[in-house]
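Engineer: This is the structure I want to talk about, given as C-alpha cells.
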Amino acid sequence: MNDTVLFEVKDHIAIITLNRPEVDNVINVPMMEGIKEAVKRVSEDEDIRVAIVTANGNHFCCGFDMNVSGQDIQWNLNTRRARAKEEIDMWMSIWESPKPFIAAIFGECIGGGTQLPMVADCLICTEDARIGNTEMAWGLNYSINFAMDGYKLPLNKAKEYFLTGRSFTAKELEQMGVANRVVATKADLMDAAMLLARQMCEVLPCVVTANKQVLNFGVENMGLYQTLAFARELFGLIRLNGCDASPETEAYWKECKELGHEIALANLIAKKNILI
C-alpha cells in the first residue's frame with residue numbers, strides 16, 4: 001500500500017487514513033489504488049471486523065485532483081465511461097464488502113470526496129464538517145456519476161443538493177438521518193468512531209455480515225445498480241472534459257491547463273454570486 005493511504009489494525013478494527021494533507025486529500029491515481037487495496041484487505045482479512053475511514057490534515061477530502069484532469073487526460077466517451085466505472089467500482093467495493101465501514105469526516109468533504117461517506121455504512125461528523133458536490137455551483141459541467149446520494153438523502157433534499165451545488169452541514173446531515181453522530185471537535189471524532197466500531201465488534205461477525213447484506217439488498221431492490229449504470233452513461237455524455245459546456249466552463253479548462261486548478265477555480269468563482 002502506498003503512502004497516500006495509511007492502514008493499521010487495532011483490536012479487529014481497521015483504520016484507513018487518507019494521507020495527502022498538503023493538498024487537502026484530493027484523490028489522485030495512487031490514492032485510488034491505495035483505497036482499493038485497503039478495502040480488499042478489510043474484506044478478505046478474517047481478523048478484521050470493522051473499518052473506519054478518516055484522513056489527516058484540515059479537511060477530509062476535497063475531491064479528485066482537477067490538475068490531473070486538466071493536464072494529462074484526453075477524454076472521449078469511451079475513456080469517460082471507463083473512468084466513471086473505475087470510480088464507481090472503487091466506491092461500491094465498500095458497499096459490497098462483508099464488513100461494515102464507518103466514515104469519520106471533518107472539515108470539507110466535496111466533489112468526488114462526498115462519495116466515500118455516502119457509501120459508508122455509518123457516518124460520524126465533526127460540527128464543522130460539510131458535504132457538497134460544489135462543482136455545479138461553481139459553474140462546471142457536472143452530472144451525477146455516483147447516485148448513492150439519492151438513496152441516502154431525502155428526495156427533496158437530494159434535489160436541492162444536486163440542483164444548486166450547495167453543501168450540507170453536519171447538523172443538517174444529522175437531522176436528515178444521514179449522519180449517525182455529530183461530535184464537537186476533531187479530537188472527539190476517532191473516539192466516537194472507535195466506540196461505534198467496538199459496539200459492532202460485540203456482534204458475531206456472521207450476523208453483522210448477514211444484516212449488512214439484507215439492508216443493502218433492500219436498497220438494491222429499489223434499482224440501485226440500474227441507476228448507477230444510467231448515471232455513469234449520462235456522466236460520460238455530459239462531462240467530456242467540459243467541451244460541450246458553456247463558454248465559461250471551457251475557459252476554466254483552458255486556464256486549468258495553463259495556470260492550474262486553484263487559479264482557474266478562483267477566477268470562475270469570482271464570476272458567481274452564490275452561497276455553497
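Each chain of the C-alpha cells is named A, B, ... in the order shown, its residues numbered from 1; ligands are numbered from 1 in display order.
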Determine which residues of region 34-272 of chain A DSSP labels as alpha helix (DSSP H) from the backbone of this structure, then write them out as JSON, numbers by chain.
Structural biologist: {"A": [34, 35, 36, 37, 38, 39, 40, 41, 42, 43, 44, 66, 67, 68, 69, 70, 71, 77, 78, 79, 80, 81, 82, 83, 84, 85, 86, 87, 88, 89, 90, 91, 92, 93, 94, 95, 96, 115, 116, 117, 118, 119, 135, 136, 137, 138, 149, 150, 151, 152, 155, 156, 157, 158, 159, 160, 161, 162, 163, 164, 170, 171, 172, 173, 174, 175, 186, 187, 188, 189, 190, 191, 192, 193, 194, 195, 196, 197, 198, 199, 200, 201, 205, 206, 207, 208, 209, 210, 211, 212, 213, 214, 215, 216, 217, 218, 219, 220, 224, 225, 226, 227, 228, 229, 230, 231, 232, 233, 234, 235, 236, 237, 238, 239, 247, 248, 249, 250, 251, 252, 253, 254, 255, 256, 257, 258, 259, 261, 262, 263, 264, 265, 266, 267, 268, 269, 270]}
Engineer: For region 211-228 of chain A, find every residue with an atom within 12 Å (counting only C-alpha atoms), except residues of its own chain fewer than 5 positions away, and show them as a VMD selection string.
Structural biologist: chain A and resid 50 81 84 to 85 87 to 89 91 to 92 94 to 101 119 to 122 143 to 152 200 203 to 206 233 to 235
Engineer: Check the smallest atom-to-atom distance from each of A:Val23, A:Ala104, A:Val42, A:Leu6 to Met66 (chain A) using only C-alpha atoms, then report the winner.
Structural biologist: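 Among the listed residues, A:Val23 lies closest to Met66 (chain A).
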Engineer: What parts of region 93-180 of chain A does DSSP call strand (DSSP E)? I'd like the answer as a list in words.
Structural biologist: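 Everything in region 93-180 of chain A that counts as strand (DSSP E) is Phe101, Ile102, Ala103, Ala104, Ile105, Glu108, Cys109, Ile110, Cys122, Leu123, Ile124, Cys125, Thr126, Arg130, Ile131, Gly132, Phe168 and Thr169 of chain A.
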Engineer: Take the residues from that selection and put them in a file with all heavy atoms, as a tab-separated table (two decimals), in the first residue's frame.
Structural biologist:
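File part.tsv, as written:
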chain	number	residue	atom	x	y	z
A	101	PHE	N	-18.24	-0.38	7.19
A	101	PHE	CA	-17.30	0.74	7.10
A	101	PHE	C	-17.94	1.96	7.75
A	101	PHE	O	-19.08	2.30	7.47
A	101	PHE	CB	-16.98	1.06	5.64
A	101	PHE	CG	-15.92	0.18	5.03
A	101	PHE	CD1	-16.17	-1.15	4.75
A	101	PHE	CD2	-14.66	0.69	4.76
A	101	PHE	CE1	-15.20	-1.96	4.20
A	101	PHE	CE2	-13.68	-0.11	4.20
A	101	PHE	CZ	-13.94	-1.44	3.92
A	102	ILE	N	-17.16	2.63	8.60
A	102	ILE	CA	-17.58	3.86	9.26
A	102	ILE	C	-16.74	5.00	8.69
A	102	ILE	O	-15.50	4.92	8.71
A	102	ILE	CB	-17.38	3.78	10.78
A	102	ILE	CG1	-18.22	2.63	11.38
A	102	ILE	CG2	-17.74	5.11	11.45
A	102	ILE	CD1	-17.84	2.29	12.81
A	103	ALA	N	-17.37	6.04	8.16
A	103	ALA	CA	-16.64	7.22	7.70
A	103	ALA	C	-16.60	8.24	8.82
A	103	ALA	O	-17.65	8.57	9.40
A	103	ALA	CB	-17.31	7.82	6.46
A	104	ALA	N	-15.41	8.72	9.14
A	104	ALA	CA	-15.22	9.73	10.20
A	104	ALA	C	-14.70	10.99	9.53
A	104	ALA	O	-13.52	11.10	9.19
A	104	ALA	CB	-14.24	9.23	11.25
A	105	ILE	N	-15.60	11.95	9.28
A	105	ILE	CA	-15.22	13.10	8.46
A	105	ILE	C	-15.21	14.40	9.25
A	105	ILE	O	-15.90	14.54	10.26
A	105	ILE	CB	-16.12	13.23	7.22
A	105	ILE	CG1	-17.50	13.77	7.57
A	105	ILE	CG2	-16.25	11.92	6.46
A	105	ILE	CD1	-18.26	14.27	6.37
A	108	GLU	N	-14.01	20.07	5.15
A	108	GLU	CA	-14.67	19.99	3.85
A	108	GLU	C	-14.59	18.57	3.29
A	108	GLU	O	-13.55	17.93	3.33
A	108	GLU	CB	-14.04	20.97	2.85
A	108	GLU	CG	-14.15	22.43	3.24
A	108	GLU	CD	-15.58	22.95	3.14
A	108	GLU	OE1	-16.39	22.32	2.42
A	108	GLU	OE2	-15.88	23.99	3.75
A	109	CYS	N	-15.72	18.14	2.77
A	109	CYS	CA	-15.79	16.86	2.03
A	109	CYS	C	-16.59	17.19	0.78
A	109	CYS	O	-17.83	17.26	0.82
A	109	CYS	CB	-16.46	15.80	2.88
A	109	CYS	SG	-16.59	14.20	2.06
A	110	ILE	N	-15.90	17.43	-0.34
A	110	ILE	CA	-16.57	17.99	-1.51
A	110	ILE	C	-16.23	17.20	-2.77
A	110	ILE	O	-15.30	16.39	-2.80
A	110	ILE	CB	-16.20	19.48	-1.71
A	110	ILE	CG1	-14.70	19.66	-1.90
A	110	ILE	CG2	-16.69	20.30	-0.53
A	110	ILE	CD1	-14.29	21.09	-2.20
A	122	CYS	N	-21.96	3.73	8.09
A	122	CYS	CA	-22.31	4.71	9.12
A	122	CYS	C	-21.40	5.92	8.96
A	122	CYS	O	-20.29	5.81	8.42
A	122	CYS	CB	-22.15	4.12	10.52
A	122	CYS	SG	-23.37	2.84	10.93
A	123	LEU	N	-21.88	7.06	9.47
A	123	LEU	CA	-21.16	8.32	9.27
A	123	LEU	C	-21.08	9.08	10.59
A	123	LEU	O	-22.10	9.32	11.24
A	123	LEU	CB	-21.90	9.15	8.22
A	123	LEU	CG	-21.40	10.56	7.93
A	123	LEU	CD1	-19.96	10.54	7.45
A	123	LEU	CD2	-22.31	11.23	6.89
A	124	ILE	N	-19.86	9.42	10.98
A	124	ILE	CA	-19.60	10.27	12.14
A	124	ILE	C	-18.99	11.57	11.64
A	124	ILE	O	-18.05	11.56	10.83
A	124	ILE	CB	-18.62	9.60	13.14
A	124	ILE	CG1	-19.04	8.16	13.46
A	124	ILE	CG2	-18.49	10.44	14.41
A	124	ILE	CD1	-20.30	8.04	14.24
A	125	CYS	N	-19.50	12.72	12.09
A	125	CYS	CA	-19.02	14.02	11.62
A	125	CYS	C	-18.62	14.91	12.79
A	125	CYS	O	-19.21	14.82	13.87
A	125	CYS	CB	-20.11	14.76	10.85
A	125	CYS	SG	-20.78	13.92	9.41
A	126	THR	N	-17.70	15.80	12.54
A	126	THR	CA	-17.47	16.91	13.45
A	126	THR	C	-18.47	18.02	13.11
A	126	THR	O	-19.03	18.05	12.02
A	126	THR	CB	-16.04	17.46	13.33
A	126	THR	OG1	-15.82	17.88	11.98
A	126	THR	CG2	-15.02	16.41	13.71
A	130	ARG	N	-18.67	19.63	6.34
A	130	ARG	CA	-19.64	19.96	5.30
A	130	ARG	C	-19.44	19.01	4.13
A	130	ARG	O	-18.31	18.73	3.73
A	130	ARG	CB	-19.45	21.40	4.80
A	130	ARG	CG	-19.74	22.47	5.82
A	130	ARG	CD	-19.99	23.82	5.16
A	130	ARG	NE	-19.00	24.12	4.13
A	130	ARG	CZ	-19.16	25.05	3.20
A	130	ARG	NH1	-20.28	25.76	3.15
A	130	ARG	NH2	-18.21	25.29	2.31
A	131	ILE	N	-20.56	18.53	3.59
A	131	ILE	CA	-20.52	17.65	2.42
A	131	ILE	C	-21.25	18.35	1.28
A	131	ILE	O	-22.37	18.84	1.46
A	131	ILE	CB	-21.19	16.30	2.72
A	131	ILE	CG1	-20.34	15.50	3.71
A	131	ILE	CG2	-21.41	15.49	1.45
A	131	ILE	CD1	-20.91	14.14	4.07
A	132	GLY	N	-20.61	18.40	0.12
A	132	GLY	CA	-21.28	19.05	-1.00
A	132	GLY	C	-20.61	18.78	-2.33
A	132	GLY	O	-19.39	18.77	-2.43
A	168	PHE	N	-24.17	20.59	2.55
A	168	PHE	CA	-24.94	20.37	3.77
A	168	PHE	C	-23.99	20.33	4.96
A	168	PHE	O	-22.91	19.75	4.89
A	168	PHE	CB	-25.72	19.05	3.70
A	168	PHE	CG	-26.91	19.09	2.77
A	168	PHE	CD1	-27.13	18.06	1.86
A	168	PHE	CD2	-27.80	20.14	2.80
A	168	PHE	CE1	-28.22	18.08	1.01
A	168	PHE	CE2	-28.90	20.18	1.96
A	168	PHE	CZ	-29.10	19.15	1.06
A	169	THR	N	-24.41	20.95	6.04
A	169	THR	CA	-23.62	20.93	7.27
A	169	THR	C	-23.83	19.61	8.00
A	169	THR	O	-24.77	18.86	7.71
A	169	THR	CB	-24.01	22.08	8.19
A	169	THR	OG1	-25.37	21.86	8.64
A	169	THR	CG2	-23.93	23.42	7.49
Engineer: Can you tell me which residues surround Gly113 (chain A) at a distance of at most 8 Å, considering only C-alpha atoms, apart from same-chain residues fewer than 4 positions away, and format the answer as an mmCIF file with N, CA and C atoms, in the first residue's frame?
Structural biologist:
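selection04.cif written:
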data_model
loop_
_atom_site.group_PDB
_atom_site.id
_atom_site.type_symbol
_atom_site.label_atom_id
_atom_site.label_comp_id
_atom_site.auth_asym_id
_atom_site.auth_seq_id
_atom_site.Cartn_x
_atom_site.Cartn_y
_atom_site.Cartn_z
ATOM 1 N N VAL A 26 -6.989 15.564 -1.878
ATOM 2 C CA VAL A 26 -7.598 15.332 -3.182
ATOM 3 C C VAL A 26 -7.117 13.980 -3.703
ATOM 4 N N ILE A 27 -7.989 13.311 -4.419
ATOM 5 C CA ILE A 27 -7.743 11.926 -4.825
ATOM 6 C C ILE A 27 -7.004 11.900 -6.157
ATOM 7 N N PHE A 60 -11.293 16.527 5.199
ATOM 8 C CA PHE A 60 -11.402 15.100 4.924
ATOM 9 C C PHE A 60 -10.990 14.776 3.493
ATOM 10 N N CYS A 61 -11.624 15.415 2.515
ATOM 11 C CA CYS A 61 -11.271 15.159 1.114
ATOM 12 C C CYS A 61 -11.906 16.225 0.236
ATOM 13 N N CYS A 62 -11.082 16.870 -0.578
ATOM 14 C CA CYS A 62 -11.583 17.923 -1.467
ATOM 15 C C CYS A 62 -11.676 17.433 -2.909
ATOM 16 N N GLY A 63 -12.157 16.208 -3.084
ATOM 17 C CA GLY A 63 -12.493 15.707 -4.405
ATOM 18 C C GLY A 63 -11.331 15.074 -5.139
ATOM 19 N N PHE A 64 -11.502 14.958 -6.454
ATOM 20 C CA PHE A 64 -10.454 14.406 -7.304
ATOM 21 C C PHE A 64 -9.516 15.509 -7.757
ATOM 22 N N CYS A 109 -15.716 18.136 2.767
ATOM 23 C CA CYS A 109 -15.788 16.863 2.029
ATOM 24 C C CYS A 109 -16.592 17.190 0.779
ATOM 25 N N PRO A 117 -18.203 8.965 2.172
ATOM 26 C CA PRO A 117 -19.152 8.914 3.298
ATOM 27 C C PRO A 117 -20.549 8.475 2.893
#
Engineer: Please report the interatomic distance between CA of Leu163 (chain A) and CA of Arg80 (chain A) in Å with one decimal.
Structural biologist: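 We find that CA of Leu163 (chain A) and CA of Arg80 (chain A) lie 22.2 Å from each other.
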